[in-house]
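Dropping data-v8.txt in here (compact mmCIF, C-alpha atoms):
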# COMPACT_ATOMS: atom_id res chain seq x y z
CA MET L 1 30.46 -2.84 -90.91
CA SER L 2 28.30 -3.30 -87.80
CA VAL L 3 25.11 -1.47 -86.88
CA THR L 4 24.21 -0.71 -83.27
CA LYS L 5 20.83 -0.05 -81.68
CA GLU L 6 22.00 3.47 -80.81
CA GLU L 7 22.94 4.25 -84.45
CA ILE L 8 19.58 2.96 -85.67
CA ILE L 9 17.63 5.09 -83.18
CA THR L 10 19.78 8.21 -83.70
CA PHE L 11 19.32 8.14 -87.47
CA ALA L 12 15.61 7.37 -87.26
CA ARG L 13 14.84 10.08 -84.68
CA GLN L 14 16.13 12.62 -87.16
CA TYR L 15 14.97 11.21 -90.49
CA ASP L 16 12.45 8.36 -90.11
CA PRO L 17 10.81 8.46 -86.65
CA GLN L 18 8.45 5.51 -87.09
CA PRO L 19 7.96 3.28 -84.00
CA MET L 20 9.62 0.28 -85.70
CA HIS L 21 12.82 2.37 -86.05
CA VAL L 22 12.90 4.42 -82.81
CA ASP L 23 10.99 2.50 -80.12
CA PRO L 24 12.30 -1.02 -79.29
CA SER L 25 9.25 -2.01 -77.26
CA ALA L 26 6.71 -0.80 -79.85
CA ALA L 27 8.86 -2.45 -82.55
CA GLY L 28 8.58 -5.71 -80.63
CA PHE L 29 4.84 -5.71 -81.26
CA SER L 30 5.22 -4.85 -84.98
CA ILE L 31 5.30 -7.37 -87.82
CA TYR L 32 9.11 -7.15 -87.61
CA GLY L 33 9.23 -8.44 -84.02
CA GLY L 34 11.87 -5.91 -82.96
CA LEU L 35 13.76 -2.76 -83.84
CA ILE L 36 14.84 -2.46 -87.49
CA ALA L 37 16.94 0.19 -89.28
CA SER L 38 15.33 2.75 -91.56
CA GLY L 39 15.89 1.67 -95.16
CA TRP L 40 17.35 5.12 -95.77
CA GLN L 41 20.01 4.41 -93.18
CA THR L 42 20.74 1.03 -94.78
CA VAL L 43 21.34 2.62 -98.18
CA SER L 44 23.38 5.39 -96.53
CA LEU L 45 25.57 2.69 -94.96
CA LEU L 46 26.17 1.22 -98.44
CA MET L 47 27.06 4.73 -99.60
CA ARG L 48 29.60 5.09 -96.79
CA LEU L 49 31.18 1.78 -97.78
CA ILE L 50 31.38 2.86 -101.43
CA VAL L 51 32.81 6.30 -100.61
CA THR L 52 35.47 5.10 -98.18
CA SER L 53 36.58 2.09 -100.23
CA LEU L 54 36.29 3.45 -103.77
CA LEU L 55 35.06 7.00 -104.43
CA VAL L 56 37.59 8.59 -102.06
CA ASP L 57 40.35 7.98 -104.63
CA SER L 58 38.22 8.65 -107.69
CA THR L 59 37.12 11.60 -109.82
CA SER L 60 33.52 11.13 -108.61
CA LEU L 61 31.22 13.89 -109.89
CA GLY L 62 27.96 12.81 -108.27
CA SER L 63 24.93 10.87 -109.40
CA PRO L 64 21.70 11.64 -111.25
CA GLY L 65 19.79 8.89 -109.44
CA VAL L 66 19.26 5.22 -108.68
CA ASP L 67 16.73 2.61 -109.76
CA GLU L 68 15.23 -0.54 -108.34
CA LEU L 69 16.20 0.16 -104.73
CA ARG L 70 14.97 -2.83 -102.70
CA TRP L 71 15.09 -3.82 -99.03
CA PRO L 72 14.42 -7.58 -99.16
CA LEU L 73 15.03 -8.11 -95.42
CA PRO L 74 15.33 -5.71 -92.47
CA VAL L 75 18.62 -4.73 -90.80
CA ARG L 76 18.61 -5.32 -87.04
CA PRO L 77 20.84 -4.08 -84.19
CA GLY L 78 24.10 -6.04 -84.10
CA ASP L 79 23.96 -7.02 -87.78
CA THR L 80 27.27 -6.93 -89.67
CA LEU L 81 26.89 -5.84 -93.27
CA SER L 82 29.16 -6.35 -96.25
CA GLY L 83 28.79 -4.76 -99.66
CA HIS L 84 29.37 -5.66 -103.27
CA MET L 85 29.40 -3.57 -106.46
CA LEU L 86 29.19 -4.87 -110.02
CA VAL L 87 29.82 -2.49 -112.94
CA LEU L 88 27.09 -3.01 -115.54
CA GLU L 89 28.21 -0.37 -118.07
CA ALA L 90 30.88 2.36 -118.42
CA ARG L 91 30.80 4.86 -121.28
CA PRO L 92 31.76 8.46 -122.09
CA SER L 93 29.02 11.07 -121.80
CA ASN L 94 27.73 12.16 -125.21
CA SER L 95 27.07 15.74 -124.12
CA ARG L 96 30.20 16.14 -121.94
CA PRO L 97 33.11 14.10 -123.36
CA THR L 98 35.33 14.81 -120.34
CA MET L 99 32.83 12.93 -118.19
CA GLY L 100 32.18 9.20 -117.95
CA ILE L 101 28.94 7.50 -116.92
CA VAL L 102 28.99 4.26 -114.92
CA ARG L 103 25.96 2.08 -114.23
CA TRP L 104 26.39 -0.44 -111.45
CA ARG L 105 24.49 -2.87 -109.27
CA GLY L 106 25.07 -2.66 -105.53
CA GLU L 107 24.12 -5.00 -102.75
CA LEU L 108 24.46 -5.38 -98.99
CA ARG L 109 24.29 -8.70 -97.17
CA ASN L 110 24.08 -9.45 -93.48
CA GLN L 111 26.28 -11.85 -91.47
CA HIS L 112 24.06 -14.76 -92.57
CA GLY L 113 24.73 -13.99 -96.25
CA GLN L 114 21.16 -12.75 -96.72
CA LEU L 115 20.51 -9.81 -99.05
CA VAL L 116 19.25 -6.76 -97.16
CA LEU L 117 19.59 -4.18 -99.96
CA THR L 118 19.97 -4.09 -103.74
CA LEU L 119 19.98 -1.17 -106.18
CA VAL L 120 21.05 -0.10 -109.64
CA GLY L 121 23.01 3.15 -109.53
CA THR L 122 24.34 5.64 -112.06
CA ASN L 123 27.41 7.75 -111.31
CA PHE L 124 29.44 10.40 -113.10
CA PHE L 125 33.25 10.45 -113.12
CA GLY L 126 35.94 12.64 -114.65
CA ARG L 127 37.77 10.74 -117.42
CA ARG L 128 41.53 10.15 -117.44
CA THR L 129 41.76 11.16 -121.12
CA ALA L 130 39.16 13.29 -122.81
CA GLU L 131 38.46 12.48 -126.46
CA ARG L 132 37.13 15.61 -128.06
CA MET X 133 11.94 22.61 -94.07
CA SER X 134 15.31 24.33 -94.19
CA VAL X 135 18.73 22.74 -94.56
CA THR X 136 21.81 24.20 -92.88
CA LYS X 137 25.47 23.85 -93.76
CA GLU X 138 26.05 22.12 -90.42
CA GLU X 139 23.34 19.51 -91.09
CA ILE X 140 24.77 18.81 -94.54
CA ILE X 141 28.30 18.31 -93.20
CA THR X 142 27.19 16.26 -90.17
CA PHE X 143 25.20 13.82 -92.31
CA ALA X 144 27.91 13.55 -94.96
CA ARG X 145 30.77 12.99 -92.49
CA GLN X 146 28.97 9.90 -91.30
CA TYR X 147 27.42 8.54 -94.50
CA ASP X 148 28.78 10.21 -97.64
CA PRO X 149 32.16 11.90 -96.93
CA GLN X 150 32.88 13.16 -100.45
CA PRO X 151 34.55 16.61 -100.67
CA MET X 152 31.48 18.17 -102.34
CA HIS X 153 29.42 17.24 -99.24
CA VAL X 154 31.88 17.80 -96.35
CA ASP X 155 34.45 20.41 -97.43
CA PRO X 156 33.06 23.84 -98.44
CA SER X 157 36.32 25.07 -99.96
CA ALA X 158 36.95 21.89 -102.00
CA ALA X 159 33.28 21.96 -103.00
CA GLY X 160 33.80 25.49 -104.31
CA PHE X 161 36.21 24.12 -106.91
CA SER X 162 33.88 21.26 -107.91
CA ILE X 163 31.43 21.32 -110.81
CA TYR X 164 28.76 22.29 -108.25
CA GLY X 165 30.54 25.52 -107.25
CA GLY X 166 29.87 25.02 -103.53
CA LEU X 167 28.74 22.64 -100.83
CA ILE X 168 25.78 20.40 -101.72
CA ALA X 169 23.81 17.90 -99.64
CA SER X 170 24.28 14.17 -100.11
CA GLY X 171 21.41 12.84 -102.19
CA TRP X 172 20.81 10.30 -99.41
CA GLN X 173 20.24 13.14 -96.99
CA THR X 174 17.83 14.80 -99.44
CA VAL X 175 15.73 11.66 -99.71
CA SER X 176 15.92 11.18 -95.93
CA LEU X 177 14.54 14.72 -95.53
CA LEU X 178 11.59 13.77 -97.76
CA MET X 179 11.11 10.71 -95.57
CA ARG X 180 11.04 12.88 -92.44
CA LEU X 181 8.39 15.08 -94.02
CA ILE X 182 6.28 12.05 -94.97
CA VAL X 183 6.60 10.41 -91.54
CA THR X 184 5.80 13.51 -89.51
CA SER X 185 2.93 14.71 -91.70
CA LEU X 186 1.34 11.41 -92.73
CA LEU X 187 2.78 8.07 -91.55
CA VAL X 188 2.74 9.05 -87.87
CA ASP X 189 -1.04 8.61 -87.79
CA SER X 190 -1.17 5.65 -90.16
CA THR X 191 -0.87 1.85 -90.00
CA SER X 192 2.45 2.02 -91.91
CA LEU X 193 4.08 -1.41 -92.19
CA GLY X 194 7.25 -0.45 -94.08
CA SER X 195 8.33 -0.50 -97.71
CA PRO X 196 9.79 -3.09 -100.08
CA GLY X 197 11.63 -0.41 -102.11
CA VAL X 198 11.55 2.61 -104.38
CA ASP X 199 12.09 3.18 -108.09
CA GLU X 200 13.27 6.01 -110.31
CA LEU X 201 14.92 8.00 -107.54
CA ARG X 202 16.31 11.15 -109.20
CA TRP X 203 18.19 14.21 -107.98
CA PRO X 204 17.64 16.74 -110.83
CA LEU X 205 19.32 19.64 -108.97
CA PRO X 206 21.52 19.80 -105.88
CA VAL X 207 20.34 20.98 -102.45
CA ARG X 208 22.49 23.78 -100.99
CA PRO X 209 22.88 25.24 -97.50
CA GLY X 210 20.00 27.59 -96.72
CA ASP X 211 17.60 25.94 -99.16
CA THR X 212 14.01 25.54 -98.00
CA LEU X 213 12.36 22.38 -99.27
CA SER X 214 8.73 21.48 -99.64
CA GLY X 215 7.34 18.07 -100.51
CA HIS X 216 4.46 16.60 -102.43
CA MET X 217 3.03 13.08 -102.64
CA LEU X 218 0.68 11.72 -105.29
CA VAL X 219 -0.97 8.31 -104.81
CA LEU X 220 -0.66 6.34 -108.05
CA GLU X 221 -2.33 3.12 -106.93
CA ALA X 222 -3.84 1.60 -103.76
CA ARG X 223 -4.89 -2.04 -103.62
CA PRO X 224 -5.18 -4.94 -101.15
CA SER X 225 -2.29 -7.38 -101.04
CA ASN X 226 -3.12 -10.66 -102.79
CA SER X 227 -1.05 -12.76 -100.42
CA ARG X 228 -1.96 -10.90 -97.19
CA PRO X 229 -5.52 -9.53 -97.38
CA THR X 230 -5.16 -7.57 -94.12
CA MET X 231 -2.43 -5.49 -95.81
CA GLY X 232 -2.77 -2.77 -98.43
CA ILE X 233 -0.15 -1.73 -100.99
CA VAL X 234 0.19 1.91 -102.04
CA ARG X 235 2.32 3.14 -104.93
CA TRP X 236 3.06 6.86 -104.89
CA ARG X 237 5.15 9.51 -106.55
CA GLY X 238 7.08 11.87 -104.28
CA GLU X 239 8.89 15.09 -105.01
CA LEU X 240 10.81 17.81 -103.22
CA ARG X 241 11.17 21.35 -104.54
CA ASN X 242 13.42 24.18 -103.35
CA GLN X 243 12.37 27.75 -102.55
CA HIS X 244 12.60 28.62 -106.28
CA GLY X 245 10.06 25.92 -107.15
CA GLN X 246 12.76 23.79 -108.77
CA LEU X 247 12.57 20.00 -108.44
CA VAL X 248 15.46 18.63 -106.39
CA LEU X 249 14.17 15.07 -105.91
CA THR X 250 11.61 12.72 -107.44
CA LEU X 251 10.88 9.05 -106.76
CA VAL X 252 8.23 6.36 -107.10
CA GLY X 253 7.69 4.55 -103.80
CA THR X 254 5.77 1.49 -102.63
CA ASN X 255 4.49 1.21 -99.06
CA PHE X 256 2.56 -1.34 -97.03
CA PHE X 257 -0.28 -0.39 -94.68
CA GLY X 258 -2.66 -2.27 -92.40
CA ARG X 259 -6.22 -2.11 -93.80
CA ARG X 260 -9.17 -0.71 -91.86
CA THR X 261 -11.34 -3.69 -92.87
CA ALA X 262 -9.93 -6.98 -93.98
CA GLU X 263 -11.87 -8.79 -96.73
CA ARG X 264 -11.05 -12.46 -96.43
Go through the file and emit its structure as structure tokens.
Amino acid sequence: MSVTKEEIITFARQYDPQPMHVDPSAAGFSIYGGLIASGWQTVSLLMRLIVTSLLVDSTSLGSPGVDELRWPLPVRPGDTLSGHMLVLEARPSNSRPTMGIVRWRGELRNQHGQLVLTLVGTNFFGRRTAER
Amino acid sequence: MSVTKEEIITFARQYDPQPMHVDPSAAGFSIYGGLIASGWQTVSLLMRLIVTSLLVDSTSLGSPGVDELRWPLPVRPGDTLSGHMLVLEARPSNSRPTMGIVRWRGELRNQHGQLVLTLVGTNFFGRRTAER
């Protein structure tokens, strides 16, 4: 999954119009030394990867939230990102037995193998068999 | 800040193409009973509010991450959102004295006063005076 300068600027103009995300020349003078993606775009790119490779064929019912979202390094134009998910816990909901709750750790790395995003997510799914 | 059906679908087609976010009729049969915004769009809308009303005139240097991001209720087409920030802590960086670190709690509410998003963020800023 590659990220272009145009995608970075388009997202940031709408949702995070800070100079480091929308203005390549101003970004060049920032502590980042050049244009970087909004962290909210980076996490949205992980979401796209998860939806298209996993949730599309699932009984996904949404998410109550995420924890420990971190951006250890910036994403720059031309970076190629790859994602990884690790299931930490999967259990039936106590209050809604037809629903399962999955906790997972997600990460994105750039083409140099460097971590650019980590998080711990929680998601709800419909269960194949409901124990009542 | 209002959210339209078109904005919800446009964002979700690119970043979170689950039926509840992109397909109004499929969403009608979901547990949400209609189209809802991707949670990543909701938090991006809070970011836009923060950038345009506060960070635009600041020495913002980016963020290492956020914690306890929660979506207690979905955002629906036509909702009008308002945001609130509370500074929890502001201190100089130990390793970089010219930089300050601010921890804050953010929230978004809909037109009924209901919370639709909460988070605890950390942001870096340049300091007006650097104590060395």
For chain L against chain X, which residues fall within 7 Å using all atoms listed in the file, given as a PyMOL selection string? chain L and resi 15-18+40+44-45+47-48+51+56+64-72
For each of X:Arg223, X:Arg259, X:Arg241, X:Lys137, take the minimum atom-to-atom distance to Ala169 of chain X, counting all atoms listed in the file, then give the residue where this is smallest.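 For Ala169 of chain X, the nearest of the given residues is X:Lys137.
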Write out the coordinates of chain X as an mmCIF file with C-alpha atoms, in the frame of the given file after a least-squares overlay onto chain L built on all ordered Cα pairs.
data_model
loop_
_atom_site.group_PDB
_atom_site.id
_atom_site.type_symbol
_atom_site.label_atom_id
_atom_site.label_comp_id
_atom_site.auth_asym_id
_atom_site.auth_seq_id
_atom_site.Cartn_x
_atom_site.Cartn_y
_atom_site.Cartn_z
ATOM 1 C CA MET X 133 30.449 -2.845 -90.894
ATOM 2 C CA SER X 134 28.303 -3.308 -87.810
ATOM 3 C CA VAL X 135 25.107 -1.488 -86.896
ATOM 4 C CA THR X 136 24.211 -0.703 -83.288
ATOM 5 C CA LYS X 137 20.845 -0.051 -81.693
ATOM 6 C CA GLU X 138 22.004 3.468 -80.821
ATOM 7 C CA GLU X 139 22.942 4.257 -84.440
ATOM 8 C CA ILE X 140 19.583 2.972 -85.665
ATOM 9 C CA ILE X 141 17.633 5.096 -83.177
ATOM 10 C CA THR X 142 19.782 8.217 -83.687
ATOM 11 C CA PHE X 143 19.328 8.144 -87.466
ATOM 12 C CA ALA X 144 15.612 7.378 -87.253
ATOM 13 C CA ARG X 145 14.838 10.083 -84.669
ATOM 14 C CA GLN X 146 16.108 12.630 -87.140
ATOM 15 C CA TYR X 147 14.958 11.213 -90.481
ATOM 16 C CA ASP X 148 12.456 8.367 -90.109
ATOM 17 C CA PRO X 149 10.802 8.451 -86.639
ATOM 18 C CA GLN X 150 8.440 5.501 -87.099
ATOM 19 C CA PRO X 151 7.953 3.266 -84.015
ATOM 20 C CA MET X 152 9.633 0.276 -85.714
ATOM 21 C CA HIS X 153 12.826 2.373 -86.068
ATOM 22 C CA VAL X 154 12.898 4.418 -82.823
ATOM 23 C CA ASP X 155 10.995 2.492 -80.130
ATOM 24 C CA PRO X 156 12.308 -1.018 -79.309
ATOM 25 C CA SER X 157 9.261 -2.030 -77.273
ATOM 26 C CA ALA X 158 6.717 -0.818 -79.868
ATOM 27 C CA ALA X 159 8.868 -2.450 -82.548
ATOM 28 C CA GLY X 160 8.596 -5.727 -80.641
ATOM 29 C CA PHE X 161 4.849 -5.732 -81.278
ATOM 30 C CA SER X 162 5.237 -4.869 -84.981
ATOM 31 C CA ILE X 163 5.311 -7.371 -87.836
ATOM 32 C CA TYR X 164 9.124 -7.165 -87.628
ATOM 33 C CA GLY X 165 9.244 -8.443 -84.028
ATOM 34 C CA GLY X 166 11.888 -5.911 -82.964
ATOM 35 C CA LEU X 167 13.765 -2.761 -83.853
ATOM 36 C CA ILE X 168 14.852 -2.447 -87.499
ATOM 37 C CA ALA X 169 16.947 0.183 -89.275
ATOM 38 C CA SER X 170 15.339 2.744 -91.558
ATOM 39 C CA GLY X 171 15.868 1.667 -95.149
ATOM 40 C CA TRP X 172 17.356 5.121 -95.776
ATOM 41 C CA GLN X 173 19.999 4.413 -93.176
ATOM 42 C CA THR X 174 20.735 1.031 -94.784
ATOM 43 C CA VAL X 175 21.324 2.618 -98.171
ATOM 44 C CA SER X 176 23.368 5.396 -96.540
ATOM 45 C CA LEU X 177 25.563 2.695 -94.966
ATOM 46 C CA LEU X 178 26.159 1.224 -98.439
ATOM 47 C CA MET X 179 27.062 4.720 -99.603
ATOM 48 C CA ARG X 180 29.591 5.079 -96.777
ATOM 49 C CA LEU X 181 31.178 1.785 -97.774
ATOM 50 C CA ILE X 182 31.388 2.862 -101.425
ATOM 51 C CA VAL X 183 32.819 6.304 -100.612
ATOM 52 C CA THR X 184 35.463 5.100 -98.176
ATOM 53 C CA SER X 185 36.582 2.099 -100.229
ATOM 54 C CA LEU X 186 36.284 3.459 -103.771
ATOM 55 C CA LEU X 187 35.061 7.022 -104.423
ATOM 56 C CA VAL X 188 37.594 8.608 -102.062
ATOM 57 C CA ASP X 189 40.355 8.000 -104.612
ATOM 58 C CA SER X 190 38.235 8.646 -107.691
ATOM 59 C CA THR X 191 37.121 11.610 -109.819
ATOM 60 C CA SER X 192 33.516 11.145 -108.601
ATOM 61 C CA LEU X 193 31.235 13.906 -109.895
ATOM 62 C CA GLY X 194 27.959 12.836 -108.262
ATOM 63 C CA SER X 195 24.920 10.870 -109.378
ATOM 64 C CA PRO X 196 21.707 11.657 -111.253
ATOM 65 C CA GLY X 197 19.787 8.894 -109.419
ATOM 66 C CA VAL X 198 19.244 5.232 -108.660
ATOM 67 C CA ASP X 199 16.721 2.621 -109.755
ATOM 68 C CA GLU X 200 15.217 -0.543 -108.322
ATOM 69 C CA LEU X 201 16.193 0.167 -104.731
ATOM 70 C CA ARG X 202 14.958 -2.825 -102.699
ATOM 71 C CA TRP X 203 15.093 -3.814 -99.039
ATOM 72 C CA PRO X 204 14.419 -7.603 -99.155
ATOM 73 C CA LEU X 205 15.053 -8.123 -95.411
ATOM 74 C CA PRO X 206 15.339 -5.727 -92.480
ATOM 75 C CA VAL X 207 18.624 -4.741 -90.811
ATOM 76 C CA ARG X 208 18.636 -5.318 -87.035
ATOM 77 C CA PRO X 209 20.857 -4.093 -84.201
ATOM 78 C CA GLY X 210 24.097 -6.072 -84.110
ATOM 79 C CA ASP X 211 23.972 -7.019 -87.787
ATOM 80 C CA THR X 212 27.261 -6.928 -89.676
ATOM 81 C CA LEU X 213 26.897 -5.838 -93.281
ATOM 82 C CA SER X 214 29.151 -6.352 -96.244
ATOM 83 C CA GLY X 215 28.773 -4.760 -99.656
ATOM 84 C CA HIS X 216 29.371 -5.636 -103.264
ATOM 85 C CA MET X 217 29.397 -3.559 -106.452
ATOM 86 C CA LEU X 218 29.181 -4.838 -110.017
ATOM 87 C CA VAL X 219 29.822 -2.464 -112.939
ATOM 88 C CA LEU X 220 27.098 -2.977 -115.545
ATOM 89 C CA GLU X 221 28.195 -0.345 -118.052
ATOM 90 C CA ALA X 222 30.866 2.371 -118.407
ATOM 91 C CA ARG X 223 30.791 4.855 -121.269
ATOM 92 C CA PRO X 224 31.765 8.459 -122.082
ATOM 93 C CA SER X 225 29.037 11.066 -121.796
ATOM 94 C CA ASN X 226 27.736 12.155 -125.207
ATOM 95 C CA SER X 227 27.091 15.721 -124.122
ATOM 96 C CA ARG X 228 30.229 16.153 -121.957
ATOM 97 C CA PRO X 229 33.131 14.106 -123.363
ATOM 98 C CA THR X 230 35.363 14.812 -120.344
ATOM 99 C CA MET X 231 32.829 12.933 -118.180
ATOM 100 C CA GLY X 232 32.189 9.203 -117.937
ATOM 101 C CA ILE X 233 28.936 7.511 -116.912
ATOM 102 C CA VAL X 234 28.985 4.270 -114.921
ATOM 103 C CA ARG X 235 25.946 2.104 -114.235
ATOM 104 C CA TRP X 236 26.384 -0.406 -111.425
ATOM 105 C CA ARG X 237 24.495 -2.851 -109.279
ATOM 106 C CA GLY X 238 25.053 -2.653 -105.524
ATOM 107 C CA GLU X 239 24.090 -5.003 -102.745
ATOM 108 C CA LEU X 240 24.455 -5.373 -99.000
ATOM 109 C CA ARG X 241 24.299 -8.705 -97.190
ATOM 110 C CA ASN X 242 24.079 -9.448 -93.463
ATOM 111 C CA GLN X 243 26.280 -11.834 -91.476
ATOM 112 C CA HIS X 244 24.055 -14.757 -92.582
ATOM 113 C CA GLY X 245 24.720 -13.984 -96.250
ATOM 114 C CA GLN X 246 21.158 -12.741 -96.717
ATOM 115 C CA LEU X 247 20.517 -9.805 -99.057
ATOM 116 C CA VAL X 248 19.254 -6.762 -97.166
ATOM 117 C CA LEU X 249 19.587 -4.185 -99.962
ATOM 118 C CA THR X 250 19.955 -4.088 -103.739
ATOM 119 C CA LEU X 251 19.963 -1.160 -106.166
ATOM 120 C CA VAL X 252 21.038 -0.089 -109.640
ATOM 121 C CA GLY X 253 22.988 3.173 -109.522
ATOM 122 C CA THR X 254 24.344 5.654 -112.057
ATOM 123 C CA ASN X 255 27.410 7.772 -111.300
ATOM 124 C CA PHE X 256 29.431 10.417 -113.107
ATOM 125 C CA PHE X 257 33.238 10.462 -113.116
ATOM 126 C CA GLY X 258 35.922 12.657 -114.657
ATOM 127 C CA ARG X 259 37.770 10.736 -117.406
ATOM 128 C CA ARG X 260 41.524 10.165 -117.397
ATOM 129 C CA THR X 261 41.755 11.151 -121.083
ATOM 130 C CA ALA X 262 39.168 13.231 -122.822
ATOM 131 C CA GLU X 263 38.468 12.325 -126.468
ATOM 132 C CA ARG X 264 37.084 15.417 -128.129
#
Separation of atom CA of Thr122 of chain L from atom CA of Val135 of chain X in Å: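 Between these atoms lies a distance of 25.1 Å.
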Atom pair atom CA of Trp236 of chain X / atom CA of Asn123 of chain L: separation (Å):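 Atom-to-atom, atom CA of Trp236 of chain X and atom CA of Asn123 of chain L are spaced 25.2 Å apart.
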Which neighbours of Pro24 of chain L fall inside 7 Å, counting all atoms listed in the file, when residues of the same chain fewer than 4 positions from it are skipped, and could you give them as a PyMOL selection string? chain L and resi 28+34-35
Those residues you just picked out, can you put them in a file as a tab-separated table (two decimals), keeping the file's coordinate frame with C-alpha atoms?
chain	number	residue	atom	x	y	z
L	28	GLY	CA	8.58	-5.71	-80.63
L	34	GLY	CA	11.87	-5.91	-82.96
L	35	LEU	CA	13.76	-2.76	-83.84
Report, in Å to a single decimal, how far apart atom CA of Leu213 of chain X and atom CA of Ser185 of chain X are. 14.3 Å
Please provide the set of residues having any atom within 12 Å of Ser225 of chain X, restricted to all atoms listed in the file, with same-chain residues fewer than 3 positions apart removed, written as a PyMOL selection string. chain X and resi 222+228-234+255-259+262-264
